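With mmCIF, N, CA and C atoms inside, this is final_10.cif:
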data_structure
loop_
_atom_site.group_PDB
_atom_site.id
_atom_site.type_symbol
_atom_site.label_atom_id
_atom_site.label_comp_id
_atom_site.auth_asym_id
_atom_site.auth_seq_id
_atom_site.Cartn_x
_atom_site.Cartn_y
_atom_site.Cartn_z
ATOM 1 N N MET E 10 4.975 -14.947 12.888
ATOM 2 C CA MET E 10 4.581 -13.545 13.022
ATOM 3 C C MET E 10 4.656 -12.887 11.637
ATOM 4 N N PRO E 11 3.660 -12.075 11.244
ATOM 5 C CA PRO E 11 3.660 -11.466 9.913
ATOM 6 C C PRO E 11 4.738 -10.403 9.791
ATOM 7 N N PRO E 12 5.218 -10.196 8.561
ATOM 8 C CA PRO E 12 6.176 -9.114 8.369
ATOM 9 C C PRO E 12 5.481 -7.793 8.640
ATOM 10 N N THR E 13 6.194 -6.887 9.272
ATOM 11 C CA THR E 13 5.603 -5.581 9.535
ATOM 12 C C THR E 13 6.493 -4.505 8.965
ATOM 13 N N ASP E 14 5.902 -3.384 8.716
ATOM 14 C CA ASP E 14 6.612 -2.239 8.173
ATOM 15 C C ASP E 14 7.135 -1.422 9.351
ATOM 16 N N PRO E 15 8.464 -1.360 9.532
ATOM 17 C CA PRO E 15 9.010 -0.657 10.697
ATOM 18 C C PRO E 15 8.932 0.863 10.610
ATOM 19 N N ARG E 16 8.550 1.395 9.460
ATOM 20 C CA ARG E 16 8.494 2.850 9.312
ATOM 21 C C ARG E 16 7.345 3.440 10.108
ATOM 22 N N PRO E 17 7.534 4.684 10.602
ATOM 23 C CA PRO E 17 6.417 5.351 11.277
ATOM 24 C C PRO E 17 5.240 5.501 10.316
ATOM 25 N N VAL E 18 4.038 5.629 10.876
ATOM 26 C CA VAL E 18 2.822 5.747 10.060
ATOM 27 C C VAL E 18 2.977 6.799 8.973
ATOM 28 N N SER E 19 3.597 7.926 9.291
ATOM 29 C CA SER E 19 3.722 9.013 8.313
ATOM 30 C C SER E 19 4.614 8.657 7.129
ATOM 31 N N HIS E 20 5.374 7.561 7.210
ATOM 32 C CA HIS E 20 6.266 7.171 6.121
ATOM 33 C C HIS E 20 5.844 5.872 5.429
ATOM 34 N N ARG E 21 4.721 5.311 5.813
ATOM 35 C CA ARG E 21 4.233 4.085 5.184
ATOM 36 C C ARG E 21 3.443 4.426 3.933
ATOM 37 N N PRO E 22 3.353 3.482 3.001
ATOM 38 C CA PRO E 22 2.506 3.715 1.829
ATOM 39 C C PRO E 22 1.057 3.936 2.251
ATOM 40 N N VAL E 23 0.381 4.819 1.548
ATOM 41 C CA VAL E 23 -1.025 5.107 1.814
ATOM 42 C C VAL E 23 -1.862 4.443 0.723
ATOM 43 N N TYR E 24 -2.973 3.872 1.137
ATOM 44 C CA TYR E 24 -3.931 3.241 0.232
ATOM 45 C C TYR E 24 -5.284 3.905 0.474
ATOM 46 N N HIS E 25 -6.231 3.668 -0.426
ATOM 47 C CA HIS E 25 -7.573 4.195 -0.186
ATOM 48 C C HIS E 25 -8.643 3.256 -0.708
ATOM 49 N N ARG E 26 -9.841 3.430 -0.144
ATOM 50 C CA ARG E 26 -11.018 2.706 -0.593
ATOM 51 C C ARG E 26 -12.100 3.717 -0.906
ATOM 52 N N LEU E 27 -12.846 3.460 -1.968
ATOM 53 C CA LEU E 27 -14.032 4.248 -2.289
ATOM 54 C C LEU E 27 -15.185 3.566 -1.555
ATOM 55 N N ALA E 28 -15.735 4.248 -0.559
ATOM 56 C CA ALA E 28 -16.736 3.608 0.292
ATOM 57 C C ALA E 28 -17.592 4.661 0.980
ATOM 58 N N GLY E 29 -18.701 4.208 1.504
ATOM 59 C CA GLY E 29 -19.602 5.086 2.231
ATOM 60 C C GLY E 29 -19.198 5.268 3.682
ATOM 61 N N ALA E 30 -19.948 6.109 4.362
ATOM 62 C CA ALA E 30 -19.657 6.450 5.751
ATOM 63 C C ALA E 30 -19.752 5.238 6.676
ATOM 64 N N GLN E 31 -20.659 4.312 6.410
ATOM 65 C CA GLN E 31 -20.825 3.146 7.278
ATOM 66 C C GLN E 31 -19.562 2.280 7.263
ATOM 67 N N GLU E 32 -19.016 1.998 6.074
ATOM 68 C CA GLU E 32 -17.786 1.200 6.004
ATOM 69 C C GLU E 32 -16.646 1.921 6.707
ATOM 70 N N LYS E 33 -16.496 3.209 6.440
ATOM 71 C CA LYS E 33 -15.420 3.972 7.077
ATOM 72 C C LYS E 33 -15.545 3.920 8.592
ATOM 73 N N SER E 34 -16.731 4.095 9.101
ATOM 74 C CA SER E 34 -16.966 4.066 10.545
ATOM 75 C C SER E 34 -16.565 2.718 11.143
ATOM 76 N N GLU E 35 -16.920 1.625 10.472
ATOM 77 C CA GLU E 35 -16.574 0.285 10.956
ATOM 78 C C GLU E 35 -15.066 0.060 10.944
ATOM 79 N N VAL E 36 -14.396 0.524 9.898
ATOM 80 C CA VAL E 36 -12.940 0.351 9.807
ATOM 81 C C VAL E 36 -12.247 1.170 10.893
ATOM 82 N N VAL E 37 -12.703 2.390 11.124
ATOM 83 C CA VAL E 37 -12.132 3.222 12.195
ATOM 84 C C VAL E 37 -12.358 2.541 13.544
ATOM 85 N N ARG E 38 -13.565 2.035 13.767
ATOM 86 C CA ARG E 38 -13.921 1.425 15.054
ATOM 87 C C ARG E 38 -13.126 0.149 15.327
ATOM 88 N N THR E 39 -12.990 -0.718 14.310
ATOM 89 C CA THR E 39 -12.374 -2.031 14.526
ATOM 90 C C THR E 39 -10.881 -2.067 14.224
ATOM 91 N N GLY E 40 -10.400 -1.141 13.376
ATOM 92 C CA GLY E 40 -9.008 -1.209 12.940
ATOM 93 C C GLY E 40 -8.769 -2.355 11.975
ATOM 94 N N GLN E 41 -9.850 -2.847 11.355
ATOM 95 C CA GLN E 41 -9.764 -3.971 10.425
ATOM 96 C C GLN E 41 -10.423 -3.616 9.094
ATOM 97 N N LEU E 42 -9.803 -4.100 8.037
ATOM 98 C CA LEU E 42 -10.385 -3.974 6.703
ATOM 99 C C LEU E 42 -10.646 -5.388 6.203
ATOM 100 N N TRP E 43 -11.888 -5.674 5.838
ATOM 101 C CA TRP E 43 -12.295 -7.014 5.435
ATOM 102 C C TRP E 43 -12.367 -7.129 3.920
ATOM 103 N N GLY E 44 -12.283 -8.372 3.446
ATOM 104 C CA GLY E 44 -12.450 -8.638 2.030
ATOM 105 C C GLY E 44 -12.965 -10.045 1.808
ATOM 106 N N LYS E 45 -13.558 -10.256 0.642
ATOM 107 C CA LYS E 45 -14.050 -11.585 0.270
ATOM 108 C C LYS E 45 -13.679 -11.860 -1.172
ATOM 109 N N SER E 46 -14.166 -12.955 -1.732
ATOM 110 C CA SER E 46 -13.831 -13.297 -3.113
ATOM 111 C C SER E 46 -14.317 -12.219 -4.067
ATOM 112 N N PRO E 47 -13.535 -11.927 -5.109
ATOM 113 C CA PRO E 47 -13.969 -10.926 -6.090
ATOM 114 C C PRO E 47 -15.291 -11.316 -6.741
ATOM 115 N N ARG E 48 -16.164 -10.329 -6.948
ATOM 116 C CA ARG E 48 -17.472 -10.570 -7.565
ATOM 117 C C ARG E 48 -17.358 -11.194 -8.940
ATOM 118 N N MET E 49 -16.380 -10.745 -9.729
ATOM 119 C CA MET E 49 -16.295 -11.230 -11.112
ATOM 120 C C MET E 49 -15.938 -12.716 -11.175
ATOM 121 N N ASN E 50 -15.408 -13.287 -10.095
ATOM 122 C CA ASN E 50 -15.070 -14.706 -10.075
ATOM 123 C C ASN E 50 -16.169 -15.546 -9.447
ATOM 124 N N GLN E 51 -17.290 -14.944 -9.135
ATOM 125 C CA GLN E 51 -18.459 -15.619 -8.579
ATOM 126 C C GLN E 51 -18.093 -16.520 -7.406
ATOM 127 N N GLY E 52 -17.180 -16.023 -6.554
ATOM 128 C CA GLY E 52 -16.818 -16.763 -5.358
ATOM 129 C C GLY E 52 -15.830 -17.890 -5.575
ATOM 130 N N ASN E 53 -15.279 -18.025 -6.786
ATOM 131 C CA ASN E 53 -14.358 -19.119 -7.072
ATOM 132 C C ASN E 53 -12.895 -18.755 -6.848
ATOM 133 N N ALA E 54 -12.627 -17.561 -6.390
ATOM 134 C CA ALA E 54 -11.256 -17.134 -6.128
ATOM 135 C C ALA E 54 -11.071 -16.981 -4.625
ATOM 136 N N GLU E 55 -9.797 -16.926 -4.210
ATOM 137 C CA GLU E 55 -9.539 -16.782 -2.774
ATOM 138 C C GLU E 55 -10.031 -15.427 -2.275
ATOM 139 N N PRO E 56 -10.477 -15.376 -1.027
ATOM 140 C CA PRO E 56 -10.888 -14.103 -0.452
ATOM 141 C C PRO E 56 -9.704 -13.144 -0.405
ATOM 142 N N ALA E 57 -9.970 -11.861 -0.595
ATOM 143 C CA ALA E 57 -8.897 -10.866 -0.608
ATOM 144 C C ALA E 57 -9.418 -9.502 -0.195
ATOM 145 N N VAL E 58 -8.548 -8.736 0.449
ATOM 146 C CA VAL E 58 -8.804 -7.332 0.742
ATOM 147 C C VAL E 58 -8.248 -6.547 -0.432
ATOM 148 N N LYS E 59 -9.012 -5.588 -0.933
ATOM 149 C CA LYS E 59 -8.591 -4.814 -2.102
ATOM 150 C C LYS E 59 -8.682 -3.318 -1.807
ATOM 151 N N ALA E 60 -7.725 -2.561 -2.336
ATOM 152 C CA ALA E 60 -7.721 -1.102 -2.162
ATOM 153 C C ALA E 60 -6.930 -0.476 -3.301
ATOM 154 N N TYR E 61 -7.133 0.811 -3.488
ATOM 155 C CA TYR E 61 -6.371 1.557 -4.489
ATOM 156 C C TYR E 61 -5.083 2.091 -3.878
ATOM 157 N N LEU E 62 -4.063 2.251 -4.706
ATOM 158 C CA LEU E 62 -2.802 2.828 -4.267
ATOM 159 C C LEU E 62 -2.957 4.337 -4.106
ATOM 160 N N GLY E 63 -2.301 4.891 -3.094
ATOM 161 C CA GLY E 63 -2.282 6.332 -2.885
ATOM 162 C C GLY E 63 -3.450 6.817 -2.034
ATOM 163 N N PRO E 64 -3.409 8.096 -1.658
ATOM 164 C CA PRO E 64 -4.476 8.666 -0.825
ATOM 165 C C PRO E 64 -5.772 8.842 -1.611
ATOM 166 N N LEU E 65 -6.861 8.989 -0.874
ATOM 167 C CA LEU E 65 -8.177 9.208 -1.477
ATOM 168 C C LEU E 65 -8.142 10.497 -2.295
ATOM 169 N N PRO E 66 -8.505 10.425 -3.580
ATOM 170 C CA PRO E 66 -8.510 11.645 -4.396
ATOM 171 C C PRO E 66 -9.537 12.660 -3.899
ATOM 172 N N LYS E 67 -9.214 13.918 -4.071
ATOM 173 C CA LYS E 67 -10.137 15.006 -3.708
ATOM 174 C C LYS E 67 -11.464 14.810 -4.429
ATOM 175 N N GLY E 68 -12.536 15.056 -3.700
ATOM 176 C CA GLY E 68 -13.862 14.947 -4.287
ATOM 177 C C GLY E 68 -14.458 13.549 -4.252
ATOM 178 N N GLU E 69 -13.679 12.533 -3.883
ATOM 179 C CA GLU E 69 -14.191 11.159 -3.803
ATOM 180 C C GLU E 69 -14.666 10.867 -2.389
ATOM 181 N N THR E 70 -15.593 9.930 -2.255
ATOM 182 C CA THR E 70 -16.094 9.507 -0.951
ATOM 183 C C THR E 70 -15.419 8.197 -0.570
ATOM 184 N N GLY E 71 -14.832 8.177 0.617
ATOM 185 C CA GLY E 71 -14.149 6.981 1.092
ATOM 186 C C GLY E 71 -13.185 7.343 2.200
ATOM 187 N N TYR E 72 -12.045 6.656 2.243
ATOM 188 C CA TYR E 72 -11.059 6.912 3.287
ATOM 189 C C TYR E 72 -9.682 6.428 2.847
ATOM 190 N N SER E 73 -8.666 7.011 3.448
ATOM 191 C CA SER E 73 -7.276 6.599 3.237
ATOM 192 C C SER E 73 -6.829 5.822 4.468
ATOM 193 N N PHE E 74 -5.893 4.901 4.281
ATOM 194 C CA PHE E 74 -5.393 4.125 5.410
ATOM 195 C C PHE E 74 -3.954 3.685 5.171
ATOM 196 N N VAL E 75 -3.315 3.279 6.261
ATOM 197 C CA VAL E 75 -1.995 2.650 6.213
ATOM 198 C C VAL E 75 -2.114 1.311 6.929
ATOM 199 N N THR E 76 -1.171 0.422 6.650
ATOM 200 C CA THR E 76 -1.124 -0.886 7.294
ATOM 201 C C THR E 76 0.323 -1.334 7.393
ATOM 202 N N GLU E 77 0.601 -2.164 8.377
ATOM 203 C CA GLU E 77 1.934 -2.738 8.498
ATOM 204 C C GLU E 77 2.104 -3.943 7.582
ATOM 205 N N ILE E 78 1.017 -4.417 7.007
ATOM 206 C CA ILE E 78 1.039 -5.618 6.171
ATOM 207 C C ILE E 78 1.241 -5.213 4.705
ATOM 208 N N PRO E 79 2.352 -5.604 4.097
ATOM 209 C CA PRO E 79 2.534 -5.263 2.682
ATOM 210 C C PRO E 79 1.577 -6.072 1.805
ATOM 211 N N PRO E 80 1.066 -5.474 0.726
ATOM 212 C CA PRO E 80 0.175 -6.231 -0.159
ATOM 213 C C PRO E 80 0.927 -7.380 -0.827
ATOM 214 N N GLY E 81 0.200 -8.450 -1.076
ATOM 215 C CA GLY E 81 0.795 -9.600 -1.754
ATOM 216 C C GLY E 81 1.027 -9.345 -3.226
ATOM 217 N N ARG E 82 0.198 -8.456 -3.800
ATOM 218 C CA ARG E 82 0.350 -8.130 -5.224
ATOM 219 C C ARG E 82 -0.355 -6.824 -5.548
ATOM 220 N N GLU E 83 -0.080 -6.338 -6.734
ATOM 221 C CA GLU E 83 -0.757 -5.152 -7.263
ATOM 222 C C GLU E 83 -1.329 -5.519 -8.616
ATOM 223 N N ARG E 84 -2.396 -4.813 -9.006
ATOM 224 C CA ARG E 84 -2.966 -5.009 -10.347
ATOM 225 C C ARG E 84 -3.770 -3.788 -10.737
ATOM 226 N N ASN E 85 -4.165 -3.746 -11.984
ATOM 227 C CA ASN E 85 -4.999 -2.648 -12.462
ATOM 228 C C ASN E 85 -6.459 -2.950 -12.160
ATOM 229 N N PHE E 86 -7.139 -1.995 -11.536
ATOM 230 C CA PHE E 86 -8.576 -2.058 -11.299
ATOM 231 C C PHE E 86 -9.224 -1.104 -12.295
ATOM 232 N N PRO E 87 -10.548 -1.175 -12.450
ATOM 233 C CA PRO E 87 -11.205 -0.275 -13.402
ATOM 234 C C PRO E 87 -10.922 1.212 -13.157
ATOM 235 N N ALA E 88 -10.777 1.613 -11.893
ATOM 236 C CA ALA E 88 -10.572 3.039 -11.602
ATOM 237 C C ALA E 88 -9.135 3.382 -11.211
ATOM 238 N N GLY E 89 -8.192 2.479 -11.459
ATOM 239 C CA GLY E 89 -6.791 2.788 -11.140
ATOM 240 C C GLY E 89 -6.020 1.584 -10.641
ATOM 241 N N ARG E 90 -4.794 1.824 -10.246
ATOM 242 C CA ARG E 90 -3.897 0.767 -9.769
ATOM 243 C C ARG E 90 -4.271 0.373 -8.346
ATOM 244 N N GLY E 91 -4.284 -0.932 -8.074
ATOM 245 C CA GLY E 91 -4.717 -1.393 -6.766
ATOM 246 C C GLY E 91 -3.762 -2.355 -6.102
ATOM 247 N N ALA E 92 -3.955 -2.515 -4.798
ATOM 248 C CA ALA E 92 -3.203 -3.457 -3.979
ATOM 249 C C ALA E 92 -4.154 -4.553 -3.522
ATOM 250 N N ILE E 93 -3.612 -5.764 -3.391
ATOM 251 C CA ILE E 93 -4.424 -6.907 -2.994
ATOM 252 C C ILE E 93 -3.702 -7.684 -1.903
ATOM 253 N N TRP E 94 -4.444 -7.993 -0.844
ATOM 254 C CA TRP E 94 -3.963 -8.822 0.247
ATOM 255 C C TRP E 94 -4.814 -10.090 0.215
ATOM 256 N N CYS E 95 -4.241 -11.228 -0.212
ATOM 257 C CA CYS E 95 -5.005 -12.467 -0.409
ATOM 258 C C CYS E 95 -4.913 -13.407 0.785
ATOM 259 N N GLU E 96 -5.938 -14.230 0.907
ATOM 260 C CA GLU E 96 -5.923 -15.287 1.912
ATOM 261 C C GLU E 96 -4.634 -16.086 1.755
ATOM 262 N N GLY E 97 -3.955 -16.312 2.858
ATOM 263 C CA GLY E 97 -2.698 -17.054 2.824
ATOM 264 C C GLY E 97 -1.462 -16.174 2.755
ATOM 265 N N ASP E 98 -1.618 -14.905 2.360
ATOM 266 C CA ASP E 98 -0.479 -13.981 2.363
ATOM 267 C C ASP E 98 -0.083 -13.701 3.810
ATOM 268 N N PRO E 99 1.213 -13.455 4.071
ATOM 269 C CA PRO E 99 1.642 -13.132 5.433
ATOM 270 C C PRO E 99 0.868 -11.933 5.991
ATOM 271 N N GLY E 100 0.351 -12.098 7.205
ATOM 272 C CA GLY E 100 -0.367 -11.021 7.877
ATOM 273 C C GLY E 100 -1.851 -10.952 7.585
ATOM 274 N N VAL E 101 -2.327 -11.684 6.583
ATOM 275 C CA VAL E 101 -3.751 -11.698 6.253
ATOM 276 C C VAL E 101 -4.413 -12.782 7.102
ATOM 277 N N GLN E 102 -5.464 -12.402 7.819
ATOM 278 C CA GLN E 102 -6.128 -13.324 8.742
ATOM 279 C C GLN E 102 -7.503 -13.722 8.226
ATOM 280 N N ASP E 103 -7.897 -14.958 8.516
ATOM 281 C CA ASP E 103 -9.274 -15.372 8.252
ATOM 282 C C ASP E 103 -10.166 -14.735 9.314
ATOM 283 N N HIS E 104 -11.325 -14.267 8.902
ATOM 284 C CA HIS E 104 -12.270 -13.695 9.866
ATOM 285 C C HIS E 104 -12.698 -14.816 10.807
ATOM 286 N N PRO E 105 -12.679 -14.565 12.125
ATOM 287 C CA PRO E 105 -12.992 -15.639 13.070
ATOM 288 C C PRO E 105 -14.442 -16.115 13.040
ATOM 289 N N GLU E 106 -15.362 -15.306 12.505
ATOM 290 C CA GLU E 106 -16.784 -15.667 12.541
ATOM 291 C C GLU E 106 -17.434 -15.794 11.169
ATOM 292 N N LEU E 107 -16.788 -15.285 10.121
ATOM 293 C CA LEU E 107 -17.399 -15.287 8.795
ATOM 294 C C LEU E 107 -16.575 -16.121 7.817
ATOM 295 N N SER E 108 -17.169 -17.148 7.286
ATOM 296 C CA SER E 108 -16.494 -18.007 6.316
ATOM 297 C C SER E 108 -16.260 -17.241 5.014
ATOM 298 N N GLY E 109 -15.087 -17.424 4.417
ATOM 299 C CA GLY E 109 -14.790 -16.788 3.141
ATOM 300 C C GLY E 109 -14.472 -15.310 3.237
ATOM 301 N N VAL E 110 -14.165 -14.827 4.442
ATOM 302 C CA VAL E 110 -13.822 -13.422 4.645
ATOM 303 C C VAL E 110 -12.459 -13.355 5.316
ATOM 304 N N VAL E 111 -11.594 -12.467 4.790
ATOM 305 C CA VAL E 111 -10.275 -12.245 5.376
ATOM 306 C C VAL E 111 -10.178 -10.793 5.833
ATOM 307 N N LEU E 112 -9.155 -10.515 6.648
ATOM 308 C CA LEU E 112 -8.988 -9.140 7.127
ATOM 309 C C LEU E 112 -7.518 -8.812 7.324
ATOM 310 N N ILE E 113 -7.237 -7.511 7.301
ATOM 311 C CA ILE E 113 -5.928 -6.991 7.664
ATOM 312 C C ILE E 113 -6.132 -5.868 8.668
ATOM 313 N N ALA E 114 -5.120 -5.651 9.514
ATOM 314 C CA ALA E 114 -5.162 -4.541 10.463
ATOM 315 C C ALA E 114 -4.757 -3.260 9.741
ATOM 316 N N VAL E 115 -5.518 -2.189 9.941
ATOM 317 C CA VAL E 115 -5.251 -0.908 9.281
ATOM 318 C C VAL E 115 -5.441 0.239 10.259
ATOM 319 N N GLU E 116 -4.930 1.386 9.857
ATOM 320 C CA GLU E 116 -5.166 2.633 10.582
ATOM 321 C C GLU E 116 -5.640 3.668 9.582
ATOM 322 N N VAL E 117 -6.834 4.194 9.786
ATOM 323 C CA VAL E 117 -7.375 5.223 8.902
ATOM 324 C C VAL E 117 -6.626 6.518 9.183
ATOM 325 N N VAL E 118 -6.199 7.196 8.111
ATOM 326 C CA VAL E 118 -5.442 8.448 8.253
ATOM 327 C C VAL E 118 -6.171 9.599 7.577
#

Show how you would write the structure in this file as structure tokens.
Amino acid sequence: MPPTDPRPVSHRPVYHRLAGAQEKSEVVRTGQLWGKSPRMNQGNAEPAVKAYLGPLPKGETGYSFVTEIPPGRERNFPAGRGAIWCEGDPGVQDHPELSGVVLIAVEVV
């Protein structure tokens, strides 16, 4: 069983993604955030879900979310500090129908 964050949603770390309305709608509907290999590695790296740390900044398009799954690592992205959930990390699941895609359970806030 994956490690979970026992804190109430209001006390969990908040992350955000810069994304359009279609992605946000799908994440709200499914409760899942998907990821694949980073583009810069041309598919040669493990699939991963990626997001920025903290809530969505004012004026940006996207969504904020929380998850019970702690990120496996953090790193600097071009637009700020990010969290990464990689294939094989506790709580990260392989997509049942799409090869090379992983997912984590999330709640949009």

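Take the candidates E:Ala54, E:Val115, E:Cys95, E:Leu42 and check each one against Val75 (chain E) using only C-alpha atoms; the shortest distance goes to E:Val115.
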
Explicit residues for the PyMOL selection byres ((chain E and resi 76-86) around 6) (as a ChimeraX atom specification): /E:12-14,74-75,87-95,100,114-116

Secondary structure check, strand (DSSP E or B) residues of chain E, as a PyMOL selection string: chain E and resi 24-27+41-45+57-62+71-75+82-86+89-95+102-103+111-114+116-117

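Of the listed residues E:Arg21, E:Arg26, E:Arg38, E:Lys45, the one whose atoms come nearest to Gly71 (chain E) is E:Arg26, with distances taken using only N, CA and C atoms.
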
Every residue of chain E that DSSP places in helix (DSSP H, G or I), as an NGL selection string: :E and (18-20 or 30-39 or 48-50)

Close residues, Tyr72 (chain E) itself excluded, 10 Å, only C-alpha atoms, min 4 positions apart in chain, as a ChimeraX atom specification: /E:24-30,32-34,36-37,64-66,117-118

Between CA of Val110 (chain E) and atom N of Glu69 (chain E), distance in Å (one decimal):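 Distance between the two atoms: 27.3 Å.
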
Gap from CA of His20 (chain E) to atom C of Val111 (chain E) - Å, one decimal: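 Between these atoms lies a distance of 24.4 Å.
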